[in-house]
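Coordinates from data19.txt are shown below (compact mmCIF, C-alpha atoms).
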# COMPACT_ATOMS: atom_id res chain seq x y z
CA MET A 16 130.00 -48.08 -98.16
CA VAL A 17 127.21 -50.57 -98.17
CA LEU A 18 124.82 -48.09 -99.82
CA GLU A 19 126.14 -48.48 -103.41
CA GLU A 20 126.22 -52.22 -102.91
CA VAL A 21 122.55 -52.47 -101.93
CA GLU A 22 121.53 -49.96 -104.59
CA ARG A 23 122.93 -52.35 -107.20
CA GLU A 24 121.75 -55.55 -105.57
CA PHE A 25 118.14 -54.45 -104.99
CA SER A 26 118.09 -52.02 -107.98
CA LEU A 27 116.86 -49.21 -105.76
CA GLY A 28 116.19 -45.78 -107.15
CA LYS A 29 117.56 -43.09 -104.86
CA LYS A 30 115.32 -40.12 -104.16
CA ASP A 31 116.68 -37.06 -102.42
CA ALA A 32 114.27 -35.76 -99.86
CA ALA A 33 113.94 -32.06 -99.02
CA ASP A 34 115.99 -32.58 -95.85
CA GLY A 35 118.93 -34.04 -97.81
CA ILE A 36 118.60 -37.55 -96.39
CA PRO A 37 118.91 -40.18 -99.16
CA THR A 38 115.58 -41.96 -99.42
CA TYR A 39 114.82 -45.32 -100.98
CA TYR A 40 111.57 -47.01 -101.83
CA CYS A 41 111.71 -50.73 -101.27
CA PRO A 42 109.15 -53.42 -102.10
CA GLY A 43 107.84 -55.17 -98.99
CA GLU A 44 109.32 -58.58 -99.80
CA ASN A 45 112.86 -57.11 -100.06
CA LEU A 46 112.69 -55.21 -96.80
CA PHE A 47 114.33 -57.74 -94.50
CA PRO A 48 117.28 -58.70 -96.77
CA LEU A 49 117.86 -55.03 -97.56
CA MET A 50 117.88 -53.99 -93.92
CA GLU A 51 120.11 -56.93 -93.03
CA LYS A 52 122.69 -55.61 -95.51
CA LEU A 53 122.27 -52.00 -94.43
CA LYS A 54 122.86 -52.94 -90.82
CA LYS A 55 126.54 -53.55 -91.58
CA ASP A 56 127.06 -49.80 -91.84
CA PHE A 57 123.94 -48.36 -90.25
CA GLU A 58 124.15 -49.50 -86.66
CA VAL A 59 121.33 -47.41 -85.25
CA LEU A 60 117.65 -47.72 -86.04
CA LEU A 61 116.45 -44.22 -85.21
CA ASP A 62 112.76 -44.53 -85.85
CA ILE A 63 109.99 -46.47 -87.47
CA THR A 64 106.86 -44.59 -88.35
CA ALA A 65 104.09 -44.70 -90.92
CA VAL A 66 102.00 -42.39 -93.06
CA ASP A 67 98.40 -42.95 -94.08
CA TYR A 68 97.71 -41.85 -97.67
CA LEU A 69 94.03 -42.75 -97.55
CA GLY A 70 92.46 -42.20 -100.99
CA LYS A 71 95.65 -40.65 -102.36
CA LYS A 72 97.74 -43.69 -103.17
CA GLU A 73 96.98 -47.15 -104.41
CA LYS A 74 98.63 -48.73 -101.41
CA ARG A 75 97.31 -46.99 -98.37
CA PHE A 76 100.26 -46.89 -95.98
CA GLU A 77 103.93 -46.06 -96.17
CA VAL A 78 106.13 -47.40 -93.40
CA VAL A 79 109.22 -45.24 -92.96
CA TYR A 80 112.52 -46.43 -91.47
CA HIS A 81 115.24 -44.02 -90.38
CA LEU A 82 118.76 -45.39 -90.02
CA LEU A 83 121.90 -43.75 -88.70
CA SER A 84 125.48 -44.74 -89.45
CA LEU A 85 127.84 -43.70 -86.67
CA SER A 86 130.92 -44.85 -88.60
CA GLY A 87 129.84 -43.24 -91.89
CA LYS A 88 128.34 -40.15 -90.22
CA MET A 89 125.19 -40.25 -92.33
CA ARG A 90 121.55 -41.17 -92.28
CA VAL A 91 119.32 -43.04 -94.69
CA ARG A 92 115.58 -43.39 -95.02
CA VAL A 93 113.80 -46.46 -96.37
CA LYS A 94 110.11 -46.41 -97.28
CA VAL A 95 107.88 -49.41 -97.84
CA GLU A 96 104.42 -49.18 -99.32
CA VAL A 97 101.91 -51.35 -97.49
CA GLY A 98 98.30 -51.90 -98.53
CA GLU A 99 95.48 -52.31 -96.03
CA GLY A 100 95.52 -55.79 -94.50
CA GLU A 101 99.02 -56.49 -95.80
CA LYS A 102 101.77 -57.59 -93.47
CA ILE A 103 105.44 -56.64 -93.56
CA ALA A 104 108.49 -58.27 -92.05
CA THR A 105 109.58 -57.42 -88.53
CA LEU A 106 113.08 -56.07 -87.95
CA SER A 107 113.10 -56.94 -84.25
CA SER A 108 115.71 -59.63 -84.82
CA LEU A 109 118.10 -57.04 -86.35
CA TRP A 110 117.56 -54.10 -84.00
CA LYS A 111 116.10 -54.73 -80.58
CA ASN A 112 114.38 -51.33 -80.44
CA ALA A 113 112.39 -52.28 -83.54
CA ASN A 114 110.26 -54.37 -81.19
CA TRP A 115 108.70 -51.35 -79.46
CA LEU A 116 108.76 -49.08 -82.52
CA GLU A 117 106.80 -51.64 -84.50
CA ARG A 118 104.35 -52.03 -81.64
CA GLU A 119 103.79 -48.28 -81.78
CA VAL A 120 103.14 -48.38 -85.54
CA TYR A 121 100.75 -51.28 -84.97
CA ASP A 122 99.02 -49.39 -82.18
CA MET A 123 98.54 -46.18 -84.16
CA PHE A 124 98.04 -47.50 -87.71
CA GLY A 125 97.09 -51.17 -87.36
CA ILE A 126 99.90 -52.34 -89.63
CA GLU A 127 100.90 -55.87 -88.71
CA PHE A 128 104.50 -57.05 -88.61
CA GLU A 129 105.00 -60.67 -89.52
CA GLY A 130 107.15 -62.61 -87.06
CA HIS A 131 107.00 -59.97 -84.34
CA PRO A 132 107.47 -61.66 -80.94
CA ASP A 133 104.89 -59.59 -79.00
CA LEU A 134 102.66 -57.53 -81.26
CA ARG A 135 100.19 -55.74 -78.97
CA ARG A 136 99.34 -52.13 -78.17
CA ILE A 137 102.09 -50.15 -76.50
CA LEU A 138 100.57 -46.70 -75.79
CA LEU A 139 96.82 -47.16 -75.79
CA TYR A 140 94.86 -49.42 -73.48
CA PRO A 141 94.00 -52.94 -74.63
CA GLU A 142 90.23 -52.33 -74.87
CA PHE A 143 90.71 -49.41 -77.30
CA GLU A 144 89.03 -50.09 -80.64
CA GLY A 145 90.54 -48.92 -83.89
CA HIS A 146 93.80 -47.19 -84.70
CA PRO A 147 93.75 -43.43 -84.05
CA LEU A 148 96.38 -42.18 -86.51
CA ARG A 149 94.49 -43.64 -89.46
CA LYS A 150 92.92 -40.87 -91.49
CA ASP A 151 89.47 -42.45 -91.19
CA TYR A 152 89.58 -42.44 -87.38
CA PRO A 153 87.60 -39.42 -86.10
CA LEU A 154 89.94 -37.01 -84.29
CA LYS A 155 87.69 -36.54 -81.28
CA LYS A 156 86.32 -40.05 -80.95
CA SER A 157 87.46 -40.83 -77.42
CA GLN A 158 86.88 -44.15 -75.74
CA PRO A 159 86.54 -43.57 -71.98
CA ARG A 160 87.43 -46.52 -69.73
CA ILE A 161 85.21 -45.42 -66.84
CA LYS A 162 81.74 -43.97 -66.59
CA LEU A 163 82.14 -40.21 -66.75
CA LEU A 164 80.36 -37.79 -64.43
CA ARG A 165 79.74 -35.55 -67.44
CA PRO A 166 79.42 -37.76 -70.51
CA GLU A 167 79.08 -34.74 -72.82
CA ARG A 168 82.63 -33.71 -71.90
CA LYS A 169 84.38 -36.86 -73.02
CA MET B 26 88.00 -12.39 -15.57
CA LYS B 27 90.81 -10.07 -14.61
CA GLY B 28 94.14 -11.01 -16.17
CA GLU B 29 92.61 -13.78 -18.32
CA ASN B 30 93.25 -14.05 -22.04
CA PHE B 31 90.40 -15.60 -23.94
CA VAL B 32 88.53 -15.55 -27.24
CA THR B 33 85.06 -16.72 -28.03
CA THR B 34 84.24 -18.65 -31.18
CA THR B 35 82.16 -21.53 -32.45
CA VAL B 36 83.51 -25.04 -32.89
CA GLU B 37 82.61 -24.84 -36.54
CA SER B 38 84.67 -21.77 -37.30
CA LEU B 39 87.50 -23.03 -35.10
CA ILE B 40 87.74 -26.23 -37.12
CA GLY B 41 87.46 -24.34 -40.39
CA TRP B 42 90.21 -21.98 -39.27
CA ALA B 43 92.48 -24.85 -38.21
CA ARG B 44 91.90 -26.82 -41.37
CA LYS B 45 92.61 -23.99 -43.74
CA TYR B 46 96.15 -23.63 -42.40
CA SER B 47 97.03 -27.34 -42.49
CA ILE B 48 96.46 -28.35 -46.07
CA PHE B 49 98.23 -31.61 -46.79
CA GLN B 50 98.46 -31.90 -50.55
CA TYR B 51 98.76 -34.85 -52.84
CA PRO B 52 100.34 -33.68 -56.12
CA PHE B 53 99.12 -35.77 -59.06
CA VAL B 54 101.68 -34.42 -61.50
CA THR B 55 101.61 -35.68 -65.07
CA ALA B 56 102.95 -32.89 -67.26
CA CYS B 57 104.84 -29.61 -67.64
CA CYS B 58 102.58 -27.75 -65.15
CA GLY B 59 104.54 -29.68 -62.53
CA MET B 60 107.41 -27.22 -63.00
CA GLU B 61 105.22 -24.31 -61.92
CA TYR B 62 103.87 -26.38 -59.06
CA MET B 63 107.46 -27.03 -57.93
CA ALA B 64 108.23 -23.31 -58.24
CA ALA B 65 105.22 -22.49 -56.07
CA ALA B 66 106.38 -25.03 -53.51
CA ALA B 67 110.03 -23.95 -53.52
CA SER B 68 111.58 -21.22 -51.38
CA HIS B 69 110.98 -18.17 -53.61
CA PHE B 70 107.17 -18.41 -53.63
CA ASP B 71 107.03 -20.72 -50.62
CA ILE B 72 103.59 -22.28 -50.44
CA ASP B 73 104.39 -23.18 -46.81
CA ARG B 74 103.59 -19.58 -45.84
CA PHE B 75 99.95 -20.59 -46.27
CA GLY B 76 100.27 -23.79 -44.30
CA ALA B 77 100.31 -25.99 -47.38
CA GLY B 78 103.95 -26.96 -47.33
CA LEU B 79 103.61 -30.56 -46.25
CA THR B 80 103.25 -32.68 -49.36
CA ARG B 81 102.04 -36.22 -48.75
CA PHE B 82 102.86 -38.86 -51.31
CA THR B 83 99.94 -41.09 -50.44
CA PRO B 84 96.34 -40.01 -51.03
CA ARG B 85 95.31 -41.57 -47.70
CA GLN B 86 97.10 -38.82 -45.77
CA ALA B 87 96.14 -35.91 -48.03
CA ASP B 88 93.38 -33.29 -47.81
CA VAL B 89 93.76 -31.65 -51.20
CA LEU B 90 94.35 -33.38 -54.51
CA PHE B 91 96.35 -31.20 -56.89
CA VAL B 92 95.78 -32.53 -60.41
CA VAL B 93 98.68 -30.99 -62.29
CA GLY B 94 98.87 -31.71 -66.01
CA THR B 95 97.10 -33.41 -68.88
CA ILE B 96 94.90 -36.37 -67.98
CA SER B 97 94.41 -38.93 -70.73
CA HIS B 98 91.59 -41.42 -70.92
CA LYS B 99 94.14 -44.13 -70.22
CA LEU B 100 94.94 -42.46 -66.90
CA ALA B 101 91.35 -41.61 -65.92
CA PRO B 102 90.70 -44.78 -63.84
CA VAL B 103 93.93 -44.17 -61.91
CA LEU B 104 92.93 -40.60 -61.04
CA ARG B 105 89.48 -41.72 -59.93
CA ARG B 106 91.05 -44.41 -57.73
CA VAL B 107 93.42 -41.89 -56.14
CA TYR B 108 90.48 -39.59 -55.40
CA GLU B 109 88.47 -42.43 -53.88
CA GLN B 110 91.41 -43.38 -51.65
CA MET B 111 91.49 -39.94 -50.02
CA THR B 112 89.71 -39.62 -46.70
CA GLU B 113 87.04 -36.99 -45.99
CA PRO B 114 87.17 -34.05 -45.90
CA LYS B 115 88.80 -33.70 -49.28
CA TRP B 116 89.15 -31.06 -51.95
CA VAL B 117 90.38 -31.09 -55.53
CA VAL B 118 92.33 -28.42 -57.40
CA ALA B 119 92.48 -28.55 -61.21
CA PHE B 120 95.85 -27.04 -62.05
CA GLY B 121 96.36 -25.64 -65.55
CA THR B 122 94.33 -25.44 -68.73
CA CYS B 123 94.72 -29.13 -69.58
CA THR B 124 93.03 -30.30 -66.40
CA VAL B 125 90.38 -27.58 -66.58
CA THR B 126 89.26 -28.09 -70.20
CA GLY B 127 91.65 -30.46 -71.94
CA GLY B 128 93.56 -27.44 -73.22
CA LEU B 129 95.08 -27.65 -76.65
CA TYR B 130 94.71 -31.43 -76.64
CA ASP B 131 91.25 -31.44 -78.16
CA ASN B 132 91.45 -35.03 -79.39
CA TYR B 133 90.56 -38.67 -78.78
CA ALA B 134 93.19 -39.27 -76.12
CA THR B 135 92.63 -36.48 -73.59
CA VAL B 136 89.88 -36.01 -71.01
CA GLN B 137 88.23 -32.65 -71.77
CA GLY B 138 88.36 -31.36 -68.22
CA ILE B 139 88.89 -33.55 -65.16
CA ASP B 140 85.50 -32.61 -63.70
CA ALA B 141 84.28 -35.33 -66.06
CA ILE B 142 86.04 -37.80 -63.73
CA ILE B 143 86.08 -36.28 -60.22
CA PRO B 144 84.41 -33.24 -58.61
CA VAL B 145 86.62 -30.14 -58.64
CA ASP B 146 86.66 -27.27 -56.10
CA ILE B 147 89.12 -24.78 -57.57
CA TYR B 148 90.14 -24.28 -61.19
CA ILE B 149 93.49 -22.64 -61.95
CA PRO B 150 93.72 -21.36 -65.54
CA GLY B 151 97.00 -20.83 -67.36
CA CYS B 152 99.35 -22.77 -69.58
CA PRO B 153 101.14 -23.13 -67.27
CA PRO B 154 99.79 -20.96 -64.42
CA ARG B 155 102.24 -18.60 -62.75
CA PRO B 156 103.06 -19.49 -59.14
CA GLU B 157 101.20 -16.34 -58.05
CA THR B 158 98.06 -17.79 -59.62
CA VAL B 159 98.61 -20.97 -57.65
CA LEU B 160 98.91 -19.04 -54.41
CA ASP B 161 95.80 -17.04 -55.30
CA ALA B 162 93.92 -20.29 -55.88
CA LEU B 163 95.21 -21.64 -52.59
CA ILE B 164 93.92 -18.59 -50.72
CA LYS B 165 90.53 -19.00 -52.42
CA LEU B 166 90.52 -22.65 -51.42
CA GLN B 167 91.36 -21.70 -47.83
CA GLU B 168 88.40 -19.33 -47.84
CA LYS B 169 86.19 -22.16 -49.08
CA ILE B 170 87.52 -24.51 -46.40
CA ARG B 171 86.98 -21.90 -43.69
CA LYS B 172 83.35 -21.34 -44.64
CA GLU B 173 82.53 -25.01 -44.94
CA LYS B 174 79.70 -26.33 -42.75
CA GLN B 175 80.87 -29.15 -40.52
CA LYS B 176 79.02 -32.42 -40.62
CA TRP B 177 79.18 -32.97 -36.83
CA SER B 178 78.86 -30.91 -33.68
CA LEU B 179 79.56 -31.24 -29.97
CA ARG B 180 75.85 -30.87 -29.22
CA LYS B 181 73.62 -33.85 -29.83
Can the structure from this file be put into structure tokens for me?
Amino acid sequence: MVLEEVEREFSLGKKDAADGIPTYYCPGENLFPLMEKLKKDFEVLLDITAVDYLGKKEKRFEVVYHLLSLSGKMRVRVKVEVGEGEKIATLSSLWKNANWLEREVYDMFGIEFEGHPDLRRILLYPEFEGHPLRKDYPLKKSQPRIKLLRPERK
Amino acid sequence: MKGENFVTTTVESLIGWARKYSIFQYPFVTACCGMEYMAAAASHFDIDRFGAGLTRFTPRQADVLFVVGTISHKLAPVLRRVYEQMTEPKWVVAFGTCTVTGGLYDNYATVQGIDAIIPVDIYIPGCPPRPETVLDALIKLQEKIRKEKQKWSLRK
């Protein structure tokens, strides 16, 4: 299995999460070579998401990658800590679906992926300002695109 | 007048009566409420009993706009455009809690009630509303259509 191999090569410390999925923290600069190795066994990129630890951690964001191995019948989770304004490598050349998943993370959290072919909003409209899943974005701060008949109800 | 069958009425009430039984709907379905809308339209509840069975899939041929499901701010200009494309006379039904008030989506993305975008005639509460509620709303809408003052008359 490629897991032991990358654990040695990148000296990763395994952490068992509550759901039993082996979880690794990886420094941002190692992300691409690590994922390139992992792809040998983990064919499916299930999800990319992020968490905002505003005021709780030194580096604000954690980008979370979920991988699935069909041949090995197991999953693995890789986390990368990203500070505000920092960029991390895109995986869109490894998994094609990373393209849209990274656009979603960019849309919601404003984390930029270096080398991404088409990094623009995927869910929200282009004129939307800010990134709504950041903890400092007010929950109810809507940005209407048209003049409302009842502005108080926005 | 022997042997003649006739009724007397006014043009206004005749038109109101005719209109209330020929409601052409445009379903603007965006979310789970659509399932209940389909149930109301299907054979068991059979919305056609009230003359509203003919669904038009272009707003230009529709009388009533059924807004069924959550409307986000991203979608708001589309809904307004659809409403503007409908010809007079036109009515709007807000179907389900999300369209009425925004429902449980009390956040940045969702319009807190579609009457912020377009005028609404009938509000149907429920998450989702039962088909009976839909039929009840339809009957109330028919009553509203029947009573409506016409903007023209035969007399100058």
Exercise for review: Select all residues from chain B having any atom no more than 8 Å from an atom of chain A (counting all atoms listed in the file, ignoring ligands), output as a PyMOL selection string.
Suggested key: chain B and resi 98-99+101-102+131-138+140-143
Check your understanding: What is the atom CA of A:Thr38 to atom CA of A:Val93 distance in Å?
Key ->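 Result for atom CA of A:Thr38 versus atom CA of A:Val93: 5.7 Å, one decimal.
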Practice item. For A:Arg118, list every protein, DNA or RNA residue within 7 Å, evaluated using only C-alpha atoms, and leave out those in the same chain fewer than 5 positions away; present the list as a list in words. Key: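 Non-adjacent residues within range: Leu134, Arg135, Arg136 and Ile137 of chain A.
Atom CA of B:Ala43 lies 12.6 Å from atom CA of B:Gln175.
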Review point. Do you have the atom CA of A:Glu20-atom CA of A:Lys55 distance handy?
Key: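 Atom-to-atom, atom CA of A:Glu20 and atom CA of A:Lys55 are spaced 11.4 Å apart.
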Point to revise | Distance query B:Lys174 at most 12 Å, all atoms listed in the file, self and fewer than 4 positions along chain excluded, as a list in words | key: Thr35, Val36, Glu37, Ser38, Leu39, Ile40, Gly41, Trp42, Pro114, Lys169, Ile170 and Ser178 of chain B
Check your understanding: Excluding same-chain residues fewer than 4 positions from stretch 69-77 of chain A, what lies within 9 Å of it counting all atoms listed in the file, as a list in words?
Key -> Thr64, Ala65, Lys94, Val95, Glu96, Val97, Gly98, Glu99, Phe124, Ile126, Arg149, Lys150 and Asp151 of chain A
Practice item. Could you check which of A:Tyr121, A:Phe25, A:Phe128, A:Tyr68 is closest to A:Leu49, using all atoms listed in the file? Key: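 The shortest atom-to-atom distance to A:Leu49 comes from A:Phe25.
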Exercise for review: Please identify all polymer residues within 7 Å of B:Lys115, counting all atoms listed in the file, omitting same-chain residues fewer than 3 positions from it, and present them as a PyMOL selection string.
Suggested key: chain B and resi 88-89+111-112
Review point. Excluding same-chain residues fewer than 5 positions from B:Ile149, what lies within 12 Å of it counting all atoms listed in the file, as a ChimeraX atom specification?
Key: /B:58,61-62,91-94,117-126,138,154-166
Just-selected residues, C-alpha atoms written as an mmCIF file, in the coordinates of the input:
data_model
loop_
_atom_site.group_PDB
_atom_site.id
_atom_site.type_symbol
_atom_site.label_atom_id
_atom_site.label_comp_id
_atom_site.auth_asym_id
_atom_site.auth_seq_id
_atom_site.Cartn_x
_atom_site.Cartn_y
_atom_site.Cartn_z
ATOM 1 C CA CYS B 58 102.580 -27.750 -65.150
ATOM 2 C CA GLU B 61 105.220 -24.310 -61.920
ATOM 3 C CA TYR B 62 103.870 -26.380 -59.060
ATOM 4 C CA PHE B 91 96.350 -31.200 -56.890
ATOM 5 C CA VAL B 92 95.780 -32.530 -60.410
ATOM 6 C CA VAL B 93 98.680 -30.990 -62.290
ATOM 7 C CA GLY B 94 98.870 -31.710 -66.010
ATOM 8 C CA VAL B 117 90.380 -31.090 -55.530
ATOM 9 C CA VAL B 118 92.330 -28.420 -57.400
ATOM 10 C CA ALA B 119 92.480 -28.550 -61.210
ATOM 11 C CA PHE B 120 95.850 -27.040 -62.050
ATOM 12 C CA GLY B 121 96.360 -25.640 -65.550
ATOM 13 C CA THR B 122 94.330 -25.440 -68.730
ATOM 14 C CA CYS B 123 94.720 -29.130 -69.580
ATOM 15 C CA THR B 124 93.030 -30.300 -66.400
ATOM 16 C CA VAL B 125 90.380 -27.580 -66.580
ATOM 17 C CA THR B 126 89.260 -28.090 -70.200
ATOM 18 C CA GLY B 138 88.360 -31.360 -68.220
ATOM 19 C CA PRO B 154 99.790 -20.960 -64.420
ATOM 20 C CA ARG B 155 102.240 -18.600 -62.750
ATOM 21 C CA PRO B 156 103.060 -19.490 -59.140
ATOM 22 C CA GLU B 157 101.200 -16.340 -58.050
ATOM 23 C CA THR B 158 98.060 -17.790 -59.620
ATOM 24 C CA VAL B 159 98.610 -20.970 -57.650
ATOM 25 C CA LEU B 160 98.910 -19.040 -54.410
ATOM 26 C CA ASP B 161 95.800 -17.040 -55.300
ATOM 27 C CA ALA B 162 93.920 -20.290 -55.880
ATOM 28 C CA LEU B 163 95.210 -21.640 -52.590
ATOM 29 C CA ILE B 164 93.920 -18.590 -50.720
ATOM 30 C CA LYS B 165 90.530 -19.000 -52.420
ATOM 31 C CA LEU B 166 90.520 -22.650 -51.420
#
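Distance check against A:Ala32 using all atoms listed in the file: of A:Glu44, A:Asp62, A:Glu119, A:Val91, the minimum falls on A:Val91.
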Could you work out an axis-aligned box for stretch 145-154 of chain A, taking every atom the file lists and adding 8 Å on each side, and report centre and edge lengths in Å to one decimal, as lines of an AutoDock Vina configuration file?
center_x = 92.0
center_y = -43.0
center_z = -87.7
size_x = 24.8
size_y = 27.9
size_z = 23.6
Practice item. Can you work out which one of A:Val59, A:Met123, A:Val17, A:Leu148 has the shortest atom-to-atom distance to A:Arg90, counting all atoms listed in the file? Key: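 Nearest to A:Arg90: A:Val59.
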Please return stretch 92-107 of chain B, rebuilt to N, CA, C and O atoms, as a PDB file, in the coordinates of the input.
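Written out: selection.pdb:
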ATOM      1  N   VAL B  92      95.626 -31.829 -59.138  1.00  0.00           N
ATOM      2  CA  VAL B  92      95.780 -32.530 -60.410  1.00  0.00           C
ATOM      3  C   VAL B  92      96.520 -31.590 -61.347  1.00  0.00           C
ATOM      4  O   VAL B  92      95.968 -30.597 -61.806  1.00  0.00           O
ATOM      5  N   VAL B  93      97.776 -31.903 -61.587  1.00  0.00           N
ATOM      6  CA  VAL B  93      98.680 -30.990 -62.290  1.00  0.00           C
ATOM      7  C   VAL B  93      99.079 -31.641 -63.613  1.00  0.00           C
ATOM      8  O   VAL B  93      99.916 -32.520 -63.642  1.00  0.00           O
ATOM      9  N   GLY B  94      98.447 -31.206 -64.693  1.00  0.00           N
ATOM     10  CA  GLY B  94      98.870 -31.710 -66.010  1.00  0.00           C
ATOM     11  C   GLY B  94      97.775 -32.491 -66.720  1.00  0.00           C
ATOM     12  O   GLY B  94      96.736 -32.820 -66.160  1.00  0.00           O
ATOM     13  N   THR B  95      98.064 -32.767 -67.986  1.00  0.00           N
ATOM     14  CA  THR B  95      97.100 -33.410 -68.880  1.00  0.00           C
ATOM     15  C   THR B  95      96.685 -34.783 -68.365  1.00  0.00           C
ATOM     16  O   THR B  95      97.527 -35.578 -67.970  1.00  0.00           O
ATOM     17  N   ILE B  96      95.385 -35.053 -68.377  1.00  0.00           N
ATOM     18  CA  ILE B  96      94.900 -36.370 -67.980  1.00  0.00           C
ATOM     19  C   ILE B  96      94.326 -37.059 -69.229  1.00  0.00           C
ATOM     20  O   ILE B  96      93.405 -36.550 -69.856  1.00  0.00           O
ATOM     21  N   SER B  97      94.892 -38.193 -69.572  1.00  0.00           N
ATOM     22  CA  SER B  97      94.410 -38.930 -70.730  1.00  0.00           C
ATOM     23  C   SER B  97      93.352 -39.934 -70.288  1.00  0.00           C
ATOM     24  O   SER B  97      93.216 -40.235 -69.106  1.00  0.00           O
ATOM     25  N   HIS B  98      92.611 -40.437 -71.259  1.00  0.00           N
ATOM     26  CA  HIS B  98      91.590 -41.420 -70.920  1.00  0.00           C
ATOM     27  C   HIS B  98      92.212 -42.701 -70.360  1.00  0.00           C
ATOM     28  O   HIS B  98      91.598 -43.413 -69.572  1.00  0.00           O
ATOM     29  N   LYS B  99      93.460 -42.962 -70.763  1.00  0.00           N
ATOM     30  CA  LYS B  99      94.140 -44.130 -70.220  1.00  0.00           C
ATOM     31  C   LYS B  99      94.372 -43.979 -68.719  1.00  0.00           C
ATOM     32  O   LYS B  99      94.335 -44.945 -67.966  1.00  0.00           O
ATOM     33  N   LEU B 100      94.609 -42.734 -68.302  1.00  0.00           N
ATOM     34  CA  LEU B 100      94.940 -42.460 -66.900  1.00  0.00           C
ATOM     35  C   LEU B 100      93.707 -42.227 -66.037  1.00  0.00           C
ATOM     36  O   LEU B 100      93.797 -42.244 -64.808  1.00  0.00           O
ATOM     37  N   ALA B 101      92.545 -41.996 -66.659  1.00  0.00           N
ATOM     38  CA  ALA B 101      91.350 -41.610 -65.920  1.00  0.00           C
ATOM     39  C   ALA B 101      91.002 -42.567 -64.769  1.00  0.00           C
ATOM     40  O   ALA B 101      90.719 -42.097 -63.660  1.00  0.00           O
ATOM     41  N   PRO B 102      91.027 -43.888 -64.964  1.00  0.00           N
ATOM     42  CA  PRO B 102      90.700 -44.780 -63.840  1.00  0.00           C
ATOM     43  C   PRO B 102      91.664 -44.634 -62.672  1.00  0.00           C
ATOM     44  O   PRO B 102      91.255 -44.776 -61.512  1.00  0.00           O
ATOM     45  N   VAL B 103      92.922 -44.336 -62.960  1.00  0.00           N
ATOM     46  CA  VAL B 103      93.930 -44.170 -61.910  1.00  0.00           C
ATOM     47  C   VAL B 103      93.598 -42.941 -61.067  1.00  0.00           C
ATOM     48  O   VAL B 103      93.619 -42.990 -59.835  1.00  0.00           O
ATOM     49  N   LEU B 104      93.266 -41.840 -61.761  1.00  0.00           N
ATOM     50  CA  LEU B 104      92.930 -40.600 -61.040  1.00  0.00           C
ATOM     51  C   LEU B 104      91.697 -40.799 -60.176  1.00  0.00           C
ATOM     52  O   LEU B 104      91.652 -40.355 -59.020  1.00  0.00           O
ATOM     53  N   ARG B 105      90.689 -41.485 -60.719  1.00  0.00           N
ATOM     54  CA  ARG B 105      89.480 -41.720 -59.930  1.00  0.00           C
ATOM     55  C   ARG B 105      89.811 -42.554 -58.698  1.00  0.00           C
ATOM     56  O   ARG B 105      89.332 -42.283 -57.607  1.00  0.00           O
ATOM     57  N   ARG B 106      90.665 -43.557 -58.850  1.00  0.00           N
ATOM     58  CA  ARG B 106      91.050 -44.410 -57.730  1.00  0.00           C
ATOM     59  C   ARG B 106      91.778 -43.605 -56.654  1.00  0.00           C
ATOM     60  O   ARG B 106      91.494 -43.734 -55.455  1.00  0.00           O
ATOM     61  N   VAL B 107      92.686 -42.734 -57.086  1.00  0.00           N
ATOM     62  CA  VAL B 107      93.420 -41.890 -56.140  1.00  0.00           C
ATOM     63  C   VAL B 107      92.449 -41.025 -55.355  1.00  0.00           C
ATOM     64  O   VAL B 107      92.548 -40.890 -54.128  1.00  0.00           O
TER      65      VAL B 107
END
